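The structure file query.tsv is reproduced below (TSV, C-alpha atoms and all ligand atoms).
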```tsv
chain	number	residue	atom	x	y	z
A	1	MET	CA	102.17	105.70	115.46
A	2	ASN	CA	105.13	104.16	113.56
A	3	ARG	CA	105.52	105.55	110.04
A	4	ILE	CA	107.06	102.78	107.93
A	5	LEU	CA	108.31	102.65	104.34
A	6	VAL	CA	108.35	99.27	102.58
A	7	THR	CA	110.19	99.32	99.23
A	8	GLY	CA	109.34	96.42	96.91
A	9	GLY	CA	106.07	96.12	98.83
A	10	ALA	CA	104.14	94.93	95.75
A	11	GLY	CA	106.46	91.91	95.59
A	12	PHE	CA	106.32	88.53	97.27
A	13	ILE	CA	108.19	89.12	100.55
A	14	GLY	CA	107.65	92.90	100.72
A	15	SER	CA	103.86	92.57	100.44
A	16	SER	CA	103.84	89.89	103.14
A	17	VAL	CA	105.81	92.13	105.49
A	18	ALA	CA	103.61	95.13	104.67
A	19	GLU	CA	100.46	93.10	105.34
A	20	LYS	CA	101.61	92.03	108.82
A	21	LEU	CA	102.83	95.53	109.66
A	22	ALA	CA	99.49	97.03	108.57
A	23	ALA	CA	97.55	94.55	110.72
A	24	ASP	CA	98.68	96.71	113.67
A	25	LYS	CA	96.70	99.95	113.59
A	26	ASN	CA	99.60	101.71	115.29
A	27	ASN	CA	101.62	101.35	112.08
A	28	TYR	CA	101.15	103.55	108.99
A	29	VAL	CA	102.68	101.78	105.98
A	30	VAL	CA	103.74	103.38	102.69
A	31	ILE	CA	104.55	100.90	99.93
A	32	VAL	CA	106.71	102.00	97.02
A	33	ASP	CA	107.29	99.74	94.03
A	34	ASP	CA	107.90	100.19	90.32
A	35	LEU	CA	105.87	97.03	89.55
A	36	THR	CA	108.62	95.43	87.45
A	37	THR	CA	108.17	92.02	89.09
A	38	GLY	CA	105.59	93.10	91.66
A	39	SER	CA	101.87	93.41	91.18
A	40	LEU	CA	99.10	95.69	92.44
A	41	SER	CA	97.12	92.58	93.36
A	42	LYS	CA	99.69	91.74	96.08
A	43	ILE	CA	99.34	95.07	97.90
A	44	PRO	CA	97.51	94.44	101.17
A	45	VAL	CA	94.11	95.96	101.89
A	46	SER	CA	94.01	96.93	105.53
A	47	PRO	CA	90.80	97.34	107.57
A	48	HIS	CA	92.60	100.18	109.39
A	49	GLY	CA	93.07	102.25	106.21
A	50	ASN	CA	96.76	102.56	107.10
A	51	VAL	CA	98.37	101.50	103.78
A	52	ARG	CA	99.32	103.85	100.95
A	53	PHE	CA	100.85	102.73	97.65
A	54	ILE	CA	103.04	104.98	95.51
A	55	LYS	CA	104.42	103.78	92.19
A	56	CYS	CA	108.07	104.79	92.34
A	57	ASP	CA	111.51	103.73	91.14
A	58	VAL	CA	113.65	103.68	94.28
A	59	ASN	CA	116.80	103.99	92.18
A	60	ASP	CA	115.67	107.41	90.92
A	61	TRP	CA	116.57	109.86	93.67
A	62	ARG	CA	114.09	112.50	92.44
A	63	ASP	CA	111.26	110.00	92.73
A	64	VAL	CA	112.19	108.76	96.19
A	65	SER	CA	113.36	112.01	97.85
A	66	GLY	CA	109.91	113.68	97.77
A	67	ILE	CA	108.36	110.66	99.44
A	68	MET	CA	111.03	110.39	102.13
A	69	TYR	CA	110.90	114.09	103.05
A	70	SER	CA	107.11	114.47	102.92
A	71	GLU	CA	106.32	111.30	104.89
A	72	SER	CA	109.04	111.47	107.62
A	73	PHE	CA	109.41	107.74	108.18
A	74	ASP	CA	110.50	106.15	111.44
A	75	TYR	CA	111.53	102.84	109.84
A	76	VAL	CA	112.38	101.61	106.35
A	77	PHE	CA	112.19	98.03	105.05
A	78	HIS	CA	114.24	98.15	101.85
A	79	TYR	CA	113.17	95.04	99.91
A	80	ALA	CA	113.08	96.35	96.31
A	81	ALA	CA	115.63	94.71	94.00
A	82	VAL	CA	116.09	93.13	90.60
A	83	VAL	CA	115.57	89.43	91.41
A	84	GLY	CA	115.62	85.98	89.82
A	85	VAL	CA	118.70	84.01	88.71
A	86	THR	CA	118.05	84.34	84.95
A	87	ARG	CA	116.98	88.00	85.10
A	88	THR	CA	119.97	89.04	87.20
A	89	LEU	CA	122.44	87.16	84.98
A	90	GLU	CA	120.95	88.69	81.81
A	91	ASN	CA	120.69	92.28	83.11
A	92	PRO	CA	123.92	92.99	85.04
A	93	VAL	CA	123.81	96.76	84.43
A	94	LYS	CA	120.24	97.02	85.73
A	95	VAL	CA	121.25	94.93	88.76
A	96	LEU	CA	124.17	97.25	89.53
A	97	SER	CA	121.85	100.26	89.37
A	98	ASP	CA	120.30	98.98	92.62
A	99	LEU	CA	123.40	100.43	94.31
A	100	SER	CA	122.00	103.91	93.58
A	101	GLY	CA	118.82	102.91	95.41
A	102	ILE	CA	120.50	101.97	98.68
A	103	LYS	CA	122.88	104.94	98.52
A	104	HIS	CA	120.15	107.55	98.07
A	105	LEU	CA	117.75	105.85	100.45
A	106	LEU	CA	120.34	105.88	103.25
A	107	SER	CA	121.21	109.49	102.59
A	108	PHE	CA	117.54	110.56	102.75
A	109	ALA	CA	117.00	108.30	105.77
A	110	LYS	CA	119.75	109.91	107.83
A	111	ASN	CA	118.59	113.41	106.85
A	112	SER	CA	114.90	112.80	107.54
A	113	GLY	CA	115.14	111.19	110.98
A	114	VAL	CA	114.64	107.49	110.12
A	115	LYS	CA	115.48	105.42	113.20
A	116	ARG	CA	116.43	102.13	111.55
A	117	VAL	CA	116.69	100.52	108.10
A	118	TYR	CA	115.89	96.82	107.57
A	119	PHE	CA	117.52	95.38	104.48
A	120	SER	CA	116.83	92.22	102.45
A	121	SER	CA	120.27	90.88	101.66
A	122	SER	CA	120.78	87.40	100.28
A	123	SER	CA	122.56	84.11	100.84
A	124	GLU	CA	124.23	84.96	97.52
A	125	VAL	CA	126.72	87.15	99.45
A	126	TYR	CA	128.36	83.88	100.59
A	127	GLY	CA	128.93	82.97	96.91
A	128	GLU	CA	130.35	79.47	96.41
A	129	SER	CA	131.07	78.68	100.07
A	130	PHE	CA	133.58	76.27	101.52
A	131	HIS	CA	132.39	76.69	105.12
A	132	PHE	CA	129.16	75.15	106.45
A	133	PRO	CA	126.77	75.87	108.01
A	134	GLN	CA	127.04	79.39	106.64
A	135	HIS	CA	127.43	81.69	109.64
A	136	GLU	CA	126.84	85.45	109.65
A	137	GLU	CA	130.30	86.24	111.12
A	138	THR	CA	132.64	83.34	110.38
A	139	THR	CA	131.79	82.30	106.81
A	140	PRO	CA	133.82	84.39	104.34
A	141	LEU	CA	131.80	86.33	101.76
A	142	ASN	CA	132.67	85.19	98.24
A	143	SER	CA	130.42	87.51	96.20
A	144	ARG	CA	131.37	87.59	92.51
A	145	LEU	CA	128.27	88.14	90.39
A	146	PRO	CA	126.57	91.57	90.14
A	147	TYR	CA	123.51	90.56	92.25
A	148	ALA	CA	125.73	89.24	95.05
A	149	ILE	CA	128.13	92.18	94.78
A	150	VAL	CA	125.22	94.64	95.08
A	151	LYS	CA	123.92	92.90	98.20
A	152	ASN	CA	127.44	92.79	99.70
A	153	ALA	CA	128.12	96.47	98.88
A	154	SER	CA	124.66	97.43	100.21
A	155	GLU	CA	125.56	95.76	103.51
A	156	ALA	CA	128.77	97.83	103.50
A	157	TYR	CA	126.73	101.04	102.90
A	158	LEU	CA	124.47	100.21	105.87
A	159	LYS	CA	127.48	99.63	108.12
A	160	ALA	CA	129.16	102.82	106.89
A	161	TYR	CA	126.06	104.98	107.55
A	162	GLN	CA	125.82	103.48	111.02
A	163	GLN	CA	129.48	104.21	111.72
A	164	GLU	CA	129.47	107.78	110.38
A	165	TYR	CA	125.91	108.97	111.05
A	166	GLY	CA	124.54	106.62	113.71
A	167	LEU	CA	121.76	105.35	111.41
A	168	GLU	CA	120.75	101.94	112.78
A	169	TYR	CA	120.26	98.88	110.57
A	170	THR	CA	119.41	95.19	110.60
A	171	ILE	CA	120.52	93.05	107.69
A	172	PHE	CA	118.49	89.93	106.86
A	173	ARG	CA	120.32	87.46	104.62
A	174	PHE	CA	117.45	85.61	102.96
A	175	PHE	CA	117.99	82.04	101.77
A	176	ASN	CA	115.40	80.56	99.36
A	177	THR	CA	111.99	81.65	100.60
A	178	PHE	CA	108.74	80.37	99.14
A	179	GLY	CA	105.02	80.89	99.51
A	180	PRO	CA	101.78	81.44	97.63
A	181	ARG	CA	102.56	84.97	96.39
A	182	GLN	CA	105.92	84.14	94.83
A	183	SER	CA	106.51	84.96	91.16
A	184	LYS	CA	107.58	82.26	88.71
A	185	ASP	CA	111.20	83.44	88.70
A	186	PHE	CA	111.97	81.18	91.63
A	187	VAL	CA	112.52	77.44	91.76
A	188	VAL	CA	109.58	76.32	93.93
A	189	SER	CA	106.89	78.29	92.11
A	190	LYS	CA	108.42	77.45	88.72
A	191	PHE	CA	108.39	73.69	89.47
A	192	ILE	CA	104.83	73.84	90.88
A	193	ALA	CA	103.56	75.68	87.80
A	194	LYS	CA	105.19	73.10	85.52
A	195	ALA	CA	103.94	70.15	87.59
A	196	LEU	CA	100.35	71.39	87.65
A	197	LYS	CA	100.43	71.67	83.85
A	198	ASN	CA	102.21	68.27	83.44
A	199	GLU	CA	105.03	70.09	81.63
A	200	PRO	CA	108.68	68.94	81.82
A	201	ILE	CA	110.70	70.13	84.82
A	202	GLU	CA	114.23	71.10	83.81
A	203	LEU	CA	117.17	70.57	86.16
A	204	TYR	CA	120.58	72.09	85.63
A	205	GLY	CA	123.57	69.84	86.31
A	206	GLY	CA	121.44	66.91	87.44
A	207	GLY	CA	119.78	68.88	90.27
A	208	LYS	CA	122.49	67.86	92.73
A	209	GLN	CA	122.76	71.42	94.11
A	210	THR	CA	121.29	71.72	97.60
A	211	ARG	CA	119.14	74.49	99.02
A	212	THR	CA	117.09	75.06	102.15
A	213	PHE	CA	113.56	76.41	101.81
A	214	CYS	CA	111.97	78.88	104.19
A	215	TYR	CA	108.19	79.25	104.26
A	216	ILE	CA	107.15	82.90	103.93
A	217	ASP	CA	105.45	83.09	107.36
A	218	ASP	CA	108.70	82.02	109.07
A	219	ASN	CA	110.66	84.63	107.12
A	220	VAL	CA	108.23	87.45	107.93
A	221	ASP	CA	107.60	86.50	111.58
A	222	ALA	CA	111.34	86.23	112.31
A	223	CYS	CA	112.06	89.61	110.68
A	224	LEU	CA	109.12	91.34	112.38
A	225	ASN	CA	110.09	89.92	115.77
A	226	ALA	CA	113.51	91.53	115.27
A	227	PHE	CA	111.64	94.79	114.56
A	228	LYS	CA	109.12	94.56	117.42
A	229	LYS	CA	111.62	93.39	120.05
A	230	ASN	CA	114.52	95.62	118.92
A	231	LEU	CA	116.81	92.63	118.43
A	232	TYR	CA	119.90	92.34	116.21
A	233	ILE	CA	120.33	96.10	115.90
A	234	ASN	CA	123.39	96.85	113.72
A	235	ASP	CA	123.72	93.14	113.09
A	236	VAL	CA	123.13	90.44	110.49
A	237	VAL	CA	120.69	87.51	110.62
A	238	ASN	CA	120.42	84.54	108.26
A	239	ILE	CA	116.77	83.86	107.42
A	240	GLY	CA	116.29	80.41	105.90
A	241	GLY	CA	114.93	76.91	106.22
A	242	ASP	CA	116.35	74.00	108.21
A	243	ASP	CA	116.49	71.06	105.80
A	244	GLU	CA	119.12	70.91	103.09
A	245	VAL	CA	117.46	69.43	100.01
A	246	PRO	CA	118.95	68.55	96.58
A	247	ILE	CA	116.97	70.29	93.83
A	248	ILE	CA	116.17	66.93	92.23
A	249	ASP	CA	114.46	65.84	95.47
A	250	LEU	CA	112.45	69.10	95.47
A	251	ALA	CA	111.29	68.34	91.91
A	252	LYS	CA	110.34	64.75	92.85
A	253	LEU	CA	108.45	65.90	95.96
A	254	ILE	CA	106.47	68.48	93.97
A	255	ILE	CA	105.64	65.86	91.31
A	256	LYS	CA	104.47	63.49	94.08
A	257	LEU	CA	102.33	66.08	95.89
A	258	THR	CA	100.69	67.31	92.67
A	259	LYS	CA	100.28	63.74	91.28
A	260	SER	CA	101.86	65.20	88.13
A	261	LYS	CA	102.93	63.43	84.95
A	262	SER	CA	105.80	65.92	84.46
A	263	GLU	CA	109.06	64.39	83.28
A	264	ILE	CA	112.37	65.50	84.78
A	265	ILE	CA	114.77	66.71	82.08
A	266	ASN	CA	118.48	67.05	82.83
A	267	LEU	CA	120.26	70.04	81.30
A	268	PRO	CA	123.99	70.91	81.51
A	269	PRO	CA	125.01	72.99	84.55
A	270	LEU	CA	124.55	76.75	84.27
A	271	PRO	CA	127.90	78.40	83.44
A	272	GLU	CA	127.67	80.55	86.58
A	273	GLY	CA	125.34	81.67	89.33
A	274	ASP	CA	124.06	78.28	90.50
A	275	MET	CA	125.87	77.58	93.77
A	276	THR	CA	126.62	73.97	94.74
A	277	ARG	CA	125.40	74.17	98.30
A	278	ARG	CA	123.47	76.37	100.70
A	279	LYS	CA	123.13	75.60	104.40
A	280	PRO	CA	122.57	78.49	106.82
A	281	ASP	CA	123.41	78.59	110.48
A	282	LEU	CA	119.97	79.49	111.84
A	283	SER	CA	120.83	79.99	115.53
A	284	ARG	CA	120.01	83.71	115.37
A	285	MET	CA	116.81	83.24	113.38
A	286	LYS	CA	115.59	80.54	115.77
A	287	LYS	CA	115.92	82.96	118.69
A	288	LEU	CA	113.65	85.33	116.79
A	289	LEU	CA	111.11	82.76	115.63
A	290	SER	CA	110.57	80.90	118.94
A	291	ARG	CA	109.04	77.97	117.00
A	292	GLU	CA	110.45	75.36	114.64
A	293	PRO	CA	110.54	76.54	111.00
A	294	LEU	CA	107.86	74.86	108.86
A	295	ALA	CA	109.06	71.71	107.05
A	296	LEU	CA	109.29	71.86	103.26
A	297	GLU	CA	106.46	69.40	102.56
A	298	ALA	CA	104.04	71.22	104.88
A	299	GLY	CA	104.93	74.55	103.21
A	300	LEU	CA	104.45	73.10	99.73
A	301	LYS	CA	100.97	71.89	100.71
A	302	LYS	CA	100.09	75.44	101.80
A	303	VAL	CA	101.25	76.80	98.44
A	304	LEU	CA	99.26	74.13	96.58
A	305	ALA	CA	96.15	75.21	98.47
A	306	ASN	CA	96.54	78.70	96.98
A	307	THR	CA	97.99	78.80	93.47
A	308	LYS	CA	96.36	82.09	92.36
A	309	PHE	CA	99.70	83.85	91.77
A	310	ILE	CA	101.56	80.83	90.41
A	311	LEU	CA	99.26	79.79	87.54
A	401	LIG	N1	112.63	85.19	97.49
A	401	LIG	C1	113.82	84.78	97.86
A	401	LIG	O1	114.03	83.57	98.01
A	401	LIG	C2	114.92	85.77	98.17
A	401	LIG	C3	116.18	85.27	98.52
A	401	LIG	C4	117.20	86.17	98.80
A	401	LIG	C5	116.96	87.54	98.80
A	401	LIG	N2	115.73	88.00	98.43
A	401	LIG	C6	115.52	89.44	98.43
A	401	LIG	O2	114.26	89.75	99.00
A	401	LIG	C7	113.73	90.93	98.40
A	401	LIG	C8	112.31	90.67	97.94
A	401	LIG	O3	112.33	89.68	96.91
A	401	LIG	P1	111.05	88.88	96.46
A	401	LIG	O4	111.38	87.44	96.48
A	401	LIG	O5	109.87	89.34	97.22
A	401	LIG	O6	110.96	89.29	94.90
A	401	LIG	P2	109.82	90.16	94.16
A	401	LIG	O7	110.26	90.30	92.74
A	401	LIG	O8	108.51	89.55	94.39
A	401	LIG	O9	109.91	91.56	94.93
A	401	LIG	C9	110.80	92.60	94.55
A	401	LIG	C10	109.95	93.85	94.35
A	401	LIG	O10	110.79	94.98	94.12
A	401	LIG	C11	110.19	95.76	93.08
A	401	LIG	N3	111.29	96.55	92.49
A	401	LIG	C12	112.38	96.10	91.84
A	401	LIG	N4	113.17	97.12	91.48
A	401	LIG	C13	112.56	98.26	91.92
A	401	LIG	C14	112.88	99.64	91.87
A	401	LIG	N5	114.02	100.09	91.28
A	401	LIG	N6	112.03	100.54	92.44
A	401	LIG	C15	110.88	100.12	93.03
A	401	LIG	N7	110.53	98.82	93.12
A	401	LIG	C16	111.35	97.89	92.57
A	401	LIG	C17	109.56	94.75	92.15
A	401	LIG	O11	108.55	95.31	91.32
A	401	LIG	C18	109.00	93.75	93.15
A	401	LIG	O12	107.69	94.09	93.55
A	401	LIG	C19	114.69	91.31	97.28
A	401	LIG	O13	115.56	92.33	97.77
A	401	LIG	C20	115.48	90.05	97.03
A	401	LIG	O14	116.78	90.33	96.53
A	401	LIG	C21	114.70	87.14	98.12
```
If you convert what's in this file into structure tokens, what do you get?
Amino acid sequence: MNRILVTGGAGFIGSSVAEKLAADKNNYVVIVDDLTTGSLSKIPVSPHGNVRFIKCDVNDWRDVSGIMYSESFDYVFHYAAVVGVTRTLENPVKVLSDLSGIKHLLSFAKNSGVKRVYFSSSSEVYGESFHFPQHEETTPLNSRLPYAIVKNASEAYLKAYQQEYGLEYTIFRFFNTFGPRQSKDFVVSKFIAKALKNEPIELYGGGKQTRTFCYIDDNVDACLNAFKKNLYINDVVNIGGDDEVPIIDLAKLIIKLTKSKSEIINLPPLPEGDMTRRKPDLSRMKKLLSREPLALEAGLKKVLANTKFIL
């Protein structure tokens, strides 16, 4: 039996990981989440009775230490974080407090016999890049904003604990991921919600920025294959989508698929935090996924078939 902690497991990606882990009756999954952006309705119900939810702030060491020492986890998926471009720009102090979370979690992990920590980092660590496709080793990290700095420093904590205490890690650098359970803080779900209500869709700086979009199943299956097959131990893997798409084209595609009457409204560029381009090198992820990542349009159709969490 693997005893597994999933932090942020009431959120979009964390709940999807927890659900697939719990589908295996040999895994016992404890979800901790403070429900700031997560929701109880996303917590998986397992036929094996192997999921436990504990409301907990992972940045509060008193809250998290009892759980870590009483449950004796084998593996940790640390996915809890303050997320969303607007929220992270408006709450820099709260964002920086996520550094306490990783620091205490790693300390408890090494003391309580955890074998490996899986961490949700972000493409934001690359900042405004000048090197494409963005590669885990060769693209310089240009993290400037608190959210990106926290992810970058958290990666440094994981590497330091490995070096000094032998605690293993795998870092996943997530690029834009989307799927039915995503909250409205993110571009795909925000545009879909607006399109379905025929409300205007606002683009910053003409929507010329490019992103790739990874369907949630590809994200989770790639990460869980790393876990199941013991691949990329003490290493970093970009987890993203293949096609680089300008945001204006994403808006137009969503309007087309929803047959919406939404207008596109152009706003001035955001003063900071909205990178010009994202394009991951996915060679490592593709070795994990062993199938082609789902194309954007096919993924959007899956989201449109299940809009319970978006509307
Ligand atoms: N969705 C993306 O495109 C994307 C891209 C890059 C990185 N990420 C990273 O992936 C992870 C999951 O993000 P998501 O998209 O599922 O967002 P989400 O908001 O759905 O999930 C984050 C979860 O963490 C919880 N949380 C936040 N702070 C907490 C705290 N102090 N203690 C306990 N729980 C806390 C929230 O309540 C929420 O359930 C995050 O670490 C995020 O930075 C996501």
So for stretch 121-134 of chain A, what box centre and size do we get, axis-aligned, 4 Å extra on each of the six sides, every listed atom, Å to one decimal, as lines of an AutoDock Vina configuration file?
```
center_x = 126.9
center_y = 83.0
center_z = 102.2
size_x = 21.3
size_y = 23.7
size_z = 19.6
```
Inset, instruction - Check which residues fall inside 7 Å of ligand LIG 401 (chain A) when counting all atoms listed in the file, and print them as JSON, numbers by chain. - result: {"A": [7, 8, 9, 10, 11, 12, 13, 14, 32, 33, 34, 35, 36, 37, 38, 39, 56, 57, 58, 59, 79, 80, 81, 82, 83, 98, 101, 120, 121, 122, 123, 173, 174, 175, 176, 177, 178, 182, 183]}
Take the residues from that selection and put them in a file with C-alpha atoms, as a compact mmCIF listing (two decimals), in the frame of the given file.
```txt
# COMPACT_ATOMS: atom_id res chain seq x y z
CA THR A 7 110.19 99.32 99.23
CA GLY A 8 109.34 96.42 96.91
CA GLY A 9 106.07 96.12 98.83
CA ALA A 10 104.14 94.93 95.75
CA GLY A 11 106.46 91.91 95.59
CA PHE A 12 106.32 88.53 97.27
CA ILE A 13 108.19 89.12 100.55
CA GLY A 14 107.65 92.90 100.72
CA VAL A 32 106.71 102.00 97.02
CA ASP A 33 107.29 99.74 94.03
CA ASP A 34 107.90 100.19 90.32
CA LEU A 35 105.87 97.03 89.55
CA THR A 36 108.62 95.43 87.45
CA THR A 37 108.17 92.02 89.09
CA GLY A 38 105.59 93.10 91.66
CA SER A 39 101.87 93.41 91.18
CA CYS A 56 108.07 104.79 92.34
CA ASP A 57 111.51 103.73 91.14
CA VAL A 58 113.65 103.68 94.28
CA ASN A 59 116.80 103.99 92.18
CA TYR A 79 113.17 95.04 99.91
CA ALA A 80 113.08 96.35 96.31
CA ALA A 81 115.63 94.71 94.00
CA VAL A 82 116.09 93.13 90.60
CA VAL A 83 115.57 89.43 91.41
CA ASP A 98 120.30 98.98 92.62
CA GLY A 101 118.82 102.91 95.41
CA SER A 120 116.83 92.22 102.45
CA SER A 121 120.27 90.88 101.66
CA SER A 122 120.78 87.40 100.28
CA SER A 123 122.56 84.11 100.84
CA ARG A 173 120.32 87.46 104.62
CA PHE A 174 117.45 85.61 102.96
CA PHE A 175 117.99 82.04 101.77
CA ASN A 176 115.40 80.56 99.36
CA THR A 177 111.99 81.65 100.60
CA PHE A 178 108.74 80.37 99.14
CA GLN A 182 105.92 84.14 94.83
CA SER A 183 106.51 84.96 91.16
```
Legend entry - Separation of atom CA of A:Gly241 from atom CA of A:Thr212 in Å: 5.0 Å
Legend entry - Top pick for closest residue to A:Gly113, considering A:Leu270, A:Leu96, A:Val76, A:Val125 and counting all atoms listed in the file: A:Val76
Inset, instruction - Could you jot down the atom CA of A:Lys42 to atom CA of A:Ile102 separation for me, Å, one decimal place? - result: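 We find that atom CA of A:Lys42 and atom CA of A:Ile102 lie 23.3 Å from each other.
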Legend entry - Of the listed residues A:Ser70, A:Thr307, A:Thr88, A:Asn111, that which approaches A:Asp185 most closely, counting all atoms listed in the file: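 So, comparing all the options, the nearest one is A:Thr88.
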